[in-house]
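One structure is given below, encoded as structure tokens.
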Amino acid sequence: MRLEMFDPAPIGVILTEGPEHRLAYTNEVYRKTFGDRPLGRTVREAFPDLVQAGYLDILDRVYTTGRAEVLTGAPIDLDFADSPGGGTRYFSFSFSRATTSDGRQGVLGVIVEVTEQVTGAQRIRVLSEERRRALLRYRSLVSAGSQVVWVTGPKGGVTEPSPGWQRVTGQSWEEFRGDGYLDAIHPDDRAGAAEAWQRALAEQAPRT
């Protein structure tokens with residue numbers, strides 16, 4: 001295996017040798033991310049700042065069994081060369097047994113950073129959970145509260161049933177939806193209520 005062919009690769013590449021997993025090669029992308037770790041040292045010696053030391057057991061399994069292993073979106077905590085101060089970043093790894101040009105056995109690792117993808121997915125999950133909880137709170141308020149609560153579209157028309165309104169006015173959902181709520185207001189007050197509601201929509205501020 002000619003290691004120099006990995007030098008220009010746009011992803012991180014690492015090669016270890018022997019059952020002790022001594023660092024034999026790292027390419028430029030790897031060094032920019034993880035630092036210029038000393039060659040000839042075992043991985044455990046070269047990465048004393050790695051919090052997730054259990055990942056190193058994967059090298060033992062790959063070297064012993066010859067079966068490749070893949071980790072997707074795995075968190076890594078250490079002092080990264082390109083972001084001093086450390087912190088958690090996420091990477092996908094592929095490890096496979098390899099033979100060097102002089103016949104020595106080792107493990108070849110290919111590493112791709114996926115921090116943006118993982119954290120983006122986490123943010124989406126958090127937002128989805130927050131929206132789910134907000135909806136549950138709203139439904140509880142509508143079902144159990146004594147106040148009249150309703151939901152409208154951007155033009156002011158009612159878009160969801162309101163048991164409170166329907167209970168107070170006697171209107172059915174079909175009568176209440178859209179602008180039908182105005183029919184429950186006294187004719188003398190209907191025009192003023194509609195005008196006040198439209199002003200509130202235009203100003204995006206509550207009106208009393």
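Following the order of the structure tokens, chains are lettered A, B, ..., residues in each are numbered from 1, and ligands are numbered from 1.
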
Discussion item. Among region 14-178 of chain A, which residues does DSSP mark as alpha helix (DSSP H) when it is run on the backbone? Keep the chain and numbering as in the structure and answer as number ranges by chain.
Written reply: A: 28-34, 43-46, 56-65, 115-144, 163-169, 173-176

At most 10 Å is the cut-off: for each residue in region 86-147 of chain A with any atom that close to an atom of region 64-67 of chain A, write down the nearest atom pair and the distance in Å rounded to one decimal, counting only C-alpha atoms, chain first then increasing number, as JSON lines.
```
{"residue": "A:Phe95", "atom": "CA", "partner": "A:Arg67", "partner_atom": "CA", "distance": 8.7}
{"residue": "A:Ser96", "atom": "CA", "partner": "A:Arg67", "partner_atom": "CA", "distance": 6.6}
{"residue": "A:Arg97", "atom": "CA", "partner": "A:Gly66", "partner_atom": "CA", "distance": 5.5}
{"residue": "A:Ala98", "atom": "CA", "partner": "A:Gly66", "partner_atom": "CA", "distance": 8.7}
{"residue": "A:Gly106", "atom": "CA", "partner": "A:Gly66", "partner_atom": "CA", "distance": 9.9}
{"residue": "A:Val107", "atom": "CA", "partner": "A:Gly66", "partner_atom": "CA", "distance": 9.1}
```

Export of the given selection (C-alpha atoms) as an mmCIF file, in the first residue's frame:
```cif
data_model
loop_
_atom_site.group_PDB
_atom_site.id
_atom_site.type_symbol
_atom_site.label_atom_id
_atom_site.label_comp_id
_atom_site.auth_asym_id
_atom_site.auth_seq_id
_atom_site.Cartn_x
_atom_site.Cartn_y
_atom_site.Cartn_z
ATOM 1 C CA PHE A 95 -11.865 0.907 9.993
ATOM 2 C CA SER A 96 -10.510 -2.061 8.043
ATOM 3 C CA ARG A 97 -7.457 -4.287 8.305
ATOM 4 C CA ALA A 98 -4.666 -3.348 5.926
ATOM 5 C CA GLY A 106 -2.333 -2.795 10.569
ATOM 6 C CA VAL A 107 -5.639 -0.945 10.572
#
```

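You will find CA of Thr33 (chain A) at 5.6 Å from CA of Asp82 (chain A).
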
Identify, on the basis of only C-alpha atoms, every residue whose closest approach to Thr72 (chain A) does not exceed 12 Å; exclude the query and any residue fewer than 3 positions from it along the same chain; express the result as a PDB file with N, CA and C atoms, in the first residue's frame.
```
ATOM      1  N   GLU A  69     -15.278  -2.298  10.467  1.00  0.00           N
ATOM      2  CA  GLU A  69     -16.322  -1.730  11.318  1.00  0.00           C
ATOM      3  C   GLU A  69     -16.538  -0.270  10.941  1.00  0.00           C
ATOM      4  N   PRO A  75     -19.672  10.783  18.603  1.00  0.00           N
ATOM      5  CA  PRO A  75     -19.136  11.977  19.270  1.00  0.00           C
ATOM      6  C   PRO A  75     -17.680  11.779  19.678  1.00  0.00           C
ATOM      7  N   ILE A  76     -16.887  12.818  19.485  1.00  0.00           N
ATOM      8  CA  ILE A  76     -15.480  12.799  19.880  1.00  0.00           C
ATOM      9  C   ILE A  76     -15.199  14.056  20.702  1.00  0.00           C
ATOM     10  N   TYR A  90     -18.599  15.545  15.845  1.00  0.00           N
ATOM     11  CA  TYR A  90     -19.123  14.251  15.422  1.00  0.00           C
ATOM     12  C   TYR A  90     -18.457  13.808  14.119  1.00  0.00           C
ATOM     13  N   PHE A  91     -18.135  12.508  14.081  1.00  0.00           N
ATOM     14  CA  PHE A  91     -17.426  11.956  12.928  1.00  0.00           C
ATOM     15  C   PHE A  91     -18.002  10.589  12.565  1.00  0.00           C
ATOM     16  N   SER A  92     -17.883  10.265  11.290  1.00  0.00           N
ATOM     17  CA  SER A  92     -18.167   8.909  10.832  1.00  0.00           C
ATOM     18  C   SER A  92     -16.833   8.250  10.494  1.00  0.00           C
ATOM     19  N   PHE A  93     -16.650   7.021  10.998  1.00  0.00           N
ATOM     20  CA  PHE A  93     -15.389   6.305  10.853  1.00  0.00           C
ATOM     21  C   PHE A  93     -15.609   4.993  10.111  1.00  0.00           C
ATOM     22  N   SER A  94     -14.615   4.621   9.338  1.00  0.00           N
ATOM     23  CA  SER A  94     -14.575   3.289   8.739  1.00  0.00           C
ATOM     24  C   SER A  94     -13.187   2.711   8.996  1.00  0.00           C
ATOM     25  N   PHE A  95     -13.135   1.549   9.670  1.00  0.00           N
ATOM     26  CA  PHE A  95     -11.865   0.907   9.993  1.00  0.00           C
ATOM     27  C   PHE A  95     -11.806  -0.463   9.320  1.00  0.00           C
ATOM     28  N   VAL A 110     -10.622   5.664   7.927  1.00  0.00           N
ATOM     29  CA  VAL A 110     -11.073   6.786   7.101  1.00  0.00           C
ATOM     30  C   VAL A 110     -12.105   7.556   7.914  1.00  0.00           C
ATOM     31  N   ILE A 111     -11.914   8.870   8.028  1.00  0.00           N
ATOM     32  CA  ILE A 111     -12.726   9.682   8.934  1.00  0.00           C
ATOM     33  C   ILE A 111     -13.333  10.864   8.189  1.00  0.00           C
ATOM     34  N   VAL A 112     -14.635  11.077   8.389  1.00  0.00           N
ATOM     35  CA  VAL A 112     -15.344  12.210   7.804  1.00  0.00           C
ATOM     36  C   VAL A 112     -16.085  12.940   8.920  1.00  0.00           C
ATOM     37  N   GLU A 113     -15.922  14.256   8.994  1.00  0.00           N
ATOM     38  CA  GLU A 113     -16.645  15.007  10.024  1.00  0.00           C
ATOM     39  C   GLU A 113     -18.089  15.247   9.586  1.00  0.00           C
ATOM     40  N   VAL A 114     -19.016  15.014  10.513  1.00  0.00           N
ATOM     41  CA  VAL A 114     -20.450  15.185  10.230  1.00  0.00           C
ATOM     42  C   VAL A 114     -21.118  16.020  11.328  1.00  0.00           C
ATOM     43  N   THR A 115     -20.337  16.896  11.956  1.00  0.00           N
ATOM     44  CA  THR A 115     -20.869  17.676  13.079  1.00  0.00           C
ATOM     45  C   THR A 115     -22.086  18.493  12.674  1.00  0.00           C
ATOM     46  N   GLN A 117     -24.248  18.052  10.256  1.00  0.00           N
ATOM     47  CA  GLN A 117     -25.417  17.215   9.996  1.00  0.00           C
ATOM     48  C   GLN A 117     -26.038  16.709  11.290  1.00  0.00           C
ATOM     49  N   VAL A 118     -25.188  16.271  12.224  1.00  0.00           N
ATOM     50  CA  VAL A 118     -25.704  15.712  13.477  1.00  0.00           C
ATOM     51  C   VAL A 118     -26.363  16.788  14.327  1.00  0.00           C
TER      52      VAL A 118
END
```

Atom pair CA of Lys32 (chain A) + CA of Asp57 (chain A), distance 24.1 Å

In terms of only C-alpha atoms, the residue from A:Ser83, A:Thr16, A:Ser101, A:Gln52 at minimal distance from Phe34 (chain A) is A:Ser83

- Query: Tell me, which residues of chain A carry DSSP strand (DSSP E or B), written as an NGL selection string?
  - Reply: :A and (12-17 or 22-26 or 42 or 69-77 or 80 or 83 or 88-99 or 105-113 or 152 or 158 or 178)

**OP:** Write out as a PyMOL selection string each polymer residue whose atoms come within 8 Å of region 22-31 of chain A, counting only C-alpha atoms; drop sequence neighbours fewer than 2 positions from it.
**Re:** chain A and resi 3+6-18+20+33-43+81+111

If I take CA of Arg89 (chain A) and CA of Asp77 (chain A), how far is one from the other in Å, to one decimal?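 Taking CA of Arg89 (chain A) as the start and CA of Asp77 (chain A) as the end point, the length is 6.7 Å.
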
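Residue nearest Ala202 (chain A) within the list A:Gln171, A:Lys155, A:Leu182, A:Leu135: A:Lys155 [criterion: smallest interatomic distance, only C-alpha atoms].
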
Item to complete: Measuring atom to atom with only C-alpha atoms, identify which of A:Gly156, A:Glu116, A:Phe80, A:Val151 is nearest to Ala200 (chain A).
Response: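 Of A:Gly156, A:Glu116, A:Phe80, A:Val151, the one nearest Ala200 (chain A) is A:Gly156, counting only C-alpha atoms.
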
With only C-alpha atoms as the basis for distance, which of A:Val62, A:Gly54, A:Pro161, A:Arg199 is at the shortest distance from Leu108 (chain A)?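 Closest to Leu108 (chain A) of all the choices is A:Val62.
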
Practice task
Return the single residue from A:Leu78, A:Ile185, A:Arg2, A:Arg125 that is closest to Trp165 (chain A), with distances computed using only C-alpha atoms.
Solution key: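 Nearest to Trp165 (chain A): A:Ile185.
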
Write out as a PDB file with all heavy atoms, in the first residue's frame each polymer residue whose atoms come within 9 Å of Ala184 (chain A), counting only C-alpha atoms; drop sequence neighbours fewer than 4 positions from it.
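Now in around_33.pdb:
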```
ATOM      1  N   THR A 169     -71.389  30.075  22.619  1.00  0.00           N
ATOM      2  CA  THR A 169     -72.257  30.671  21.598  1.00  0.00           C
ATOM      3  C   THR A 169     -73.311  29.713  21.066  1.00  0.00           C
ATOM      4  O   THR A 169     -74.307  30.152  20.490  1.00  0.00           O
ATOM      5  CB  THR A 169     -71.414  31.160  20.413  1.00  0.00           C
ATOM      6  OG1 THR A 169     -70.794  30.026  19.776  1.00  0.00           O
ATOM      7  CG2 THR A 169     -70.345  32.137  20.876  1.00  0.00           C
ATOM      8  N   GLY A 170     -73.066  28.411  21.196  1.00  0.00           N
ATOM      9  CA  GLY A 170     -73.985  27.441  20.627  1.00  0.00           C
ATOM     10  C   GLY A 170     -73.752  27.188  19.153  1.00  0.00           C
ATOM     11  O   GLY A 170     -74.472  26.399  18.528  1.00  0.00           O
ATOM     12  N   GLN A 171     -72.744  27.847  18.567  1.00  0.00           N
ATOM     13  CA  GLN A 171     -72.448  27.615  17.157  1.00  0.00           C
ATOM     14  C   GLN A 171     -71.802  26.245  16.961  1.00  0.00           C
ATOM     15  O   GLN A 171     -71.022  25.786  17.801  1.00  0.00           O
ATOM     16  CB  GLN A 171     -71.495  28.688  16.624  1.00  0.00           C
ATOM     17  CG  GLN A 171     -72.124  30.037  16.356  1.00  0.00           C
ATOM     18  CD  GLN A 171     -71.132  30.975  15.683  1.00  0.00           C
ATOM     19  OE1 GLN A 171     -70.019  31.156  16.154  1.00  0.00           O
ATOM     20  NE2 GLN A 171     -71.554  31.577  14.578  1.00  0.00           N
ATOM     21  N   PHE A 176     -69.049  28.198  12.874  1.00  0.00           N
ATOM     22  CA  PHE A 176     -68.024  28.997  13.533  1.00  0.00           C
ATOM     23  C   PHE A 176     -66.809  29.252  12.645  1.00  0.00           C
ATOM     24  O   PHE A 176     -66.182  30.316  12.706  1.00  0.00           O
ATOM     25  CB  PHE A 176     -67.627  28.248  14.813  1.00  0.00           C
ATOM     26  CG  PHE A 176     -66.396  28.741  15.518  1.00  0.00           C
ATOM     27  CD1 PHE A 176     -66.233  30.081  15.828  1.00  0.00           C
ATOM     28  CD2 PHE A 176     -65.408  27.853  15.914  1.00  0.00           C
ATOM     29  CE1 PHE A 176     -65.108  30.524  16.510  1.00  0.00           C
ATOM     30  CE2 PHE A 176     -64.283  28.286  16.590  1.00  0.00           C
ATOM     31  CZ  PHE A 176     -64.134  29.629  16.885  1.00  0.00           C
ATOM     32  N   GLY A 180     -67.294  32.881  10.361  1.00  0.00           N
ATOM     33  CA  GLY A 180     -68.616  32.588  10.891  1.00  0.00           C
ATOM     34  C   GLY A 180     -68.812  33.028  12.326  1.00  0.00           C
ATOM     35  O   GLY A 180     -69.951  33.203  12.777  1.00  0.00           O
ATOM     36  N   ARG A 190     -71.339  43.978  15.354  1.00  0.00           N
ATOM     37  CA  ARG A 190     -70.626  43.105  14.424  1.00  0.00           C
ATOM     38  C   ARG A 190     -69.596  43.860  13.589  1.00  0.00           C
ATOM     39  O   ARG A 190     -68.436  43.441  13.467  1.00  0.00           O
ATOM     40  CB  ARG A 190     -71.641  42.402  13.525  1.00  0.00           C
ATOM     41  CG  ARG A 190     -71.099  41.199  12.787  1.00  0.00           C
ATOM     42  CD  ARG A 190     -72.246  40.457  12.127  1.00  0.00           C
ATOM     43  NE  ARG A 190     -73.150  39.901  13.138  1.00  0.00           N
ATOM     44  CZ  ARG A 190     -74.397  39.516  12.883  1.00  0.00           C
ATOM     45  NH1 ARG A 190     -74.895  39.652  11.662  1.00  0.00           N
ATOM     46  NH2 ARG A 190     -75.149  39.012  13.843  1.00  0.00           N
TER      47      ARG A 190
END
```

*Would you please work out which residue, of A:Gly73, A:Tyr63, A:Gly192, A:Arg167, is nearest to Ala121 (chain A) when using only C-alpha atoms?*
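That would be A:Gly73, the residue with the smallest distance to Ala121 (chain A).
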
| message | Quick one: residues within 10 Å of Tyr55 (chain A), only C-alpha atoms, excluding same-chain residues fewer than 3 positions away - as a ChimeraX atom specification? | response | /A:50-52,58-60,71,74,76
